[in-house]
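Colleague: Questions regarding the structure given below will be posed in turn.
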Amino acid sequence: MTYEKSWSDWWRQFLGVSNGGYDQVVKILCARYVEEMQHVQRYTEHAERMQYPQFREKLLRIAADEARHAEWLAEKITLFGGKTPNVPKEPPTTKNSWQYLLGDLEEEKHCSDDLIEIMQTVRDELPDIAAVLERIYEDSERHRSEIRGMLMRSDPQSIWPA
């Protein structure tokens with residue numbers, strides 16, 4: 001009895017991905033892509049509303065890093081035959097600089113925790129994907145440190161923007 005494999009099965013075996021692995025990996029990468037693009041939106045919006053110009057510059061630099069992360073993820077999504085998802089716009093909020101930074105710090109913490117879990121899930125079967133996620137994680141840790149520093153130098157009682 002002969003067993004004919006499809007090309008996708010052949011590639012899956014060649015790349016060391018289990019059955020159903022492509023779909024799961026694409027879902028994971030798409031979810032991360034959406035989060036990274038929402039971070040770009042978030043940090044850009046928050047930078048525009050920052051009271052201190054040096055904080056604006058740092059947040060715009062962080063937004064550029066997040067955009068680079070999204071590019072890396074988009075490349076991997078395409079590699080696995082997926083399409084980059086649409087990114088819903090988040091509604092703008094009105095807070096002071098300190099509140100924005102606190103929310104940003106909490107979001108980076110949440111994403112770092114998610115990245116650790118995802119890296120552990122894909123590390124054995126897809127070490128190159130894990131490596132990309134690890135670079136994103138390292139940047140996320142640096143971003144947390146930068147945001148924490150800005151937060152410590154901000155006034156929680158500031159009323160800006162008016």
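Just so we're on the same page: first chain in the structure tokens is A, next is B, and so on; residues restart at 1 for each chain, and ligands are numbered from 1 in the order they show up.
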Would you pick out the contacts of Leu105 (chain A) at 10 Å or less, using only C-alpha atoms, so that residues sharing its chain but fewer than 3 positions from it are not included, and give the list as a list in words?
Modeller: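 The contact residues come out as Gln99, Tyr100, Leu101, Leu102, Glu108, Lys109, His110, Cys111, Ser140, His143, Arg144, Ser145, Glu146, Ile147, Arg148 and Leu151 of chain A.
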Colleague: May I have the selected residues written with C-alpha atoms, as a tab-separated table (two decimals), in the first residue's frame?
Modeller:
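Contents of again_26.tsv, freshly written:
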chain	number	residue	atom	x	y	z
A	99	GLN	CA	-2.01	57.29	33.97
A	100	TYR	CA	-0.96	56.59	30.38
A	101	LEU	CA	2.45	55.40	31.52
A	102	LEU	CA	0.97	53.22	34.26
A	108	GLU	CA	4.05	45.46	28.74
A	109	LYS	CA	4.01	43.22	31.83
A	110	HIS	CA	1.00	41.33	30.51
A	111	CYS	CA	2.62	40.87	27.09
A	140	SER	CA	9.62	44.32	25.98
A	143	HIS	CA	10.52	48.98	27.30
A	144	ARG	CA	9.19	48.12	30.76
A	145	SER	CA	12.33	49.53	32.32
A	146	GLU	CA	12.10	52.73	30.28
A	147	ILE	CA	8.41	53.19	31.05
A	148	ARG	CA	9.03	52.50	34.74
A	151	LEU	CA	6.58	56.77	35.48
Colleague: Pick out the residues sitting within 12 Å of Gln38 (chain A), and hand them over as a VMD selection string; count only C-alpha atoms, and ignore anything fewer than 6 positions along from it in its own chain.
Modeller: chain A and resid 31 to 32 44 to 45 63 66 to 67 69 to 70 85 to 92 104 107 to 108 111
Colleague: Can you pull out the residues contacting Glu75 (chain A)? Cut-off 12 Å, using only C-alpha atoms, and skip same-chain residues under 5 positions away; I want them as an NGL selection string.
Modeller: :A and (26 or 29-30 or 33 or 68-70 or 80-84 or 129 or 132)
Colleague: Here is a test: counting only C-alpha atoms, which residue of A:Val34, A:Asp139, A:Asp114, A:Tyr52 is nearest to Arg153 (chain A)?
Modeller: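 Checking each candidate against Arg153 (chain A), we get A:Tyr52 as the closest.
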Colleague: Quick one: pick out all helix (DSSP H, G or I) residues within chain A from a backbone DSSP run and write them as an MDAnalysis selection string.
Modeller: chainID A and resid 7:15 21:48 53:79 97:122 127:152
Colleague: Write the residues of the selection above to a file with C-alpha atoms, as a tab-separated table (two decimals), in the first residue's frame.
Modeller:
chain	number	residue	atom	x	y	z
A	7	TRP	CA	3.15	19.01	-0.13
A	8	SER	CA	1.98	20.66	3.07
A	9	ASP	CA	2.53	17.39	4.94
A	10	TRP	CA	5.99	17.13	3.41
A	11	TRP	CA	6.87	20.69	4.43
A	12	ARG	CA	5.40	20.16	7.89
A	13	GLN	CA	7.60	17.10	8.35
A	14	PHE	CA	10.63	18.87	6.86
A	15	LEU	CA	10.20	21.85	9.20
A	21	GLY	CA	0.98	22.87	14.01
A	22	TYR	CA	0.84	25.36	11.16
A	23	ASP	CA	-2.65	26.48	12.03
A	24	GLN	CA	-1.79	26.85	15.70
A	25	VAL	CA	1.44	28.71	14.96
A	26	VAL	CA	-0.29	31.08	12.54
A	27	LYS	CA	-3.00	31.78	15.14
A	28	ILE	CA	-0.36	32.52	17.78
A	29	LEU	CA	1.63	34.75	15.43
A	30	CYS	CA	-1.50	36.59	14.26
A	31	ALA	CA	-2.56	37.29	17.84
A	32	ARG	CA	0.92	38.62	18.63
A	33	TYR	CA	0.89	40.69	15.42
A	34	VAL	CA	-2.40	42.34	16.42
A	35	GLU	CA	-1.03	43.09	19.90
A	36	GLU	CA	2.17	44.59	18.51
A	37	MET	CA	0.26	46.79	16.07
A	38	GLN	CA	-2.09	47.90	18.84
A	39	HIS	CA	1.00	48.81	20.86
A	40	VAL	CA	2.17	50.97	17.96
A	41	GLN	CA	-1.19	52.76	18.00
A	42	ARG	CA	-1.19	53.02	21.79
A	43	TYR	CA	2.34	54.40	22.18
A	44	THR	CA	1.90	56.83	19.30
A	45	GLU	CA	-1.33	58.15	20.81
A	46	HIS	CA	0.21	58.39	24.27
A	47	ALA	CA	3.30	60.15	22.92
A	48	GLU	CA	1.08	62.83	21.41
A	53	PRO	CA	8.87	66.16	25.34
A	54	GLN	CA	11.56	63.65	26.37
A	55	PHE	CA	8.79	61.16	27.22
A	56	ARG	CA	7.21	61.74	23.82
A	57	GLU	CA	10.49	60.84	22.13
A	58	LYS	CA	10.91	57.66	24.19
A	59	LEU	CA	7.36	56.51	23.51
A	60	LEU	CA	7.76	57.13	19.78
A	61	ARG	CA	10.98	55.08	19.84
A	62	ILE	CA	9.14	52.29	21.65
A	63	ALA	CA	6.35	52.51	19.04
A	64	ALA	CA	9.00	52.11	16.30
A	65	ASP	CA	10.34	48.99	18.06
A	66	GLU	CA	6.82	47.58	18.25
A	67	ALA	CA	6.34	48.24	14.52
A	68	ARG	CA	9.56	46.34	13.83
A	69	HIS	CA	8.26	43.44	15.93
A	70	ALA	CA	5.06	43.42	13.87
A	71	GLU	CA	7.15	43.26	10.67
A	72	TRP	CA	9.04	40.22	12.00
A	73	LEU	CA	5.78	38.52	12.89
A	74	ALA	CA	4.23	39.36	9.52
A	75	GLU	CA	7.19	37.70	7.78
A	76	LYS	CA	6.69	34.52	9.81
A	77	ILE	CA	2.93	34.53	9.25
A	78	THR	CA	3.52	34.75	5.50
A	79	LEU	CA	6.15	32.01	5.68
A	97	SER	CA	0.69	61.37	31.45
A	98	TRP	CA	1.17	59.32	34.60
A	99	GLN	CA	-2.01	57.29	33.97
A	100	TYR	CA	-0.96	56.59	30.38
A	101	LEU	CA	2.45	55.40	31.52
A	102	LEU	CA	0.97	53.22	34.26
A	103	GLY	CA	-1.33	51.57	31.70
A	104	ASP	CA	1.59	51.11	29.32
A	105	LEU	CA	3.67	49.46	32.04
A	106	GLU	CA	0.83	47.07	32.90
A	107	GLU	CA	0.35	46.20	29.22
A	108	GLU	CA	4.05	45.46	28.74
A	109	LYS	CA	4.01	43.22	31.83
A	110	HIS	CA	1.00	41.33	30.51
A	111	CYS	CA	2.62	40.87	27.09
A	112	SER	CA	5.91	39.73	28.62
A	113	ASP	CA	4.09	37.04	30.58
A	114	ASP	CA	2.27	35.91	27.42
A	115	LEU	CA	5.51	35.81	25.44
A	116	ILE	CA	7.16	33.52	27.99
A	117	GLU	CA	4.26	31.09	27.75
A	118	ILE	CA	4.21	31.17	23.94
A	119	MET	CA	8.00	30.70	23.70
A	120	GLN	CA	7.76	27.60	25.86
A	121	THR	CA	4.96	26.26	23.66
A	122	VAL	CA	6.81	26.60	20.34
A	127	PRO	CA	13.11	27.22	17.50
A	128	ASP	CA	13.33	30.03	14.91
A	129	ILE	CA	9.88	31.30	15.92
A	130	ALA	CA	10.90	31.06	19.58
A	131	ALA	CA	14.02	33.10	18.76
A	132	VAL	CA	11.93	35.89	17.21
A	133	LEU	CA	9.62	35.88	20.22
A	134	GLU	CA	12.63	35.97	22.52
A	135	ARG	CA	13.94	39.11	20.78
A	136	ILE	CA	10.51	40.69	21.20
A	137	TYR	CA	10.53	39.66	24.86
A	138	GLU	CA	13.95	41.24	25.42
A	139	ASP	CA	12.76	44.50	23.85
A	140	SER	CA	9.62	44.32	25.98
A	141	GLU	CA	11.74	44.04	29.12
A	142	ARG	CA	13.75	47.09	28.03
A	143	HIS	CA	10.52	48.98	27.30
A	144	ARG	CA	9.19	48.12	30.76
A	145	SER	CA	12.33	49.53	32.32
A	146	GLU	CA	12.10	52.73	30.28
A	147	ILE	CA	8.41	53.19	31.05
A	148	ARG	CA	9.03	52.50	34.74
A	149	GLY	CA	11.70	55.23	34.71
A	150	MET	CA	9.33	57.70	33.06
A	151	LEU	CA	6.58	56.77	35.48
A	152	MET	CA	8.82	57.42	38.46
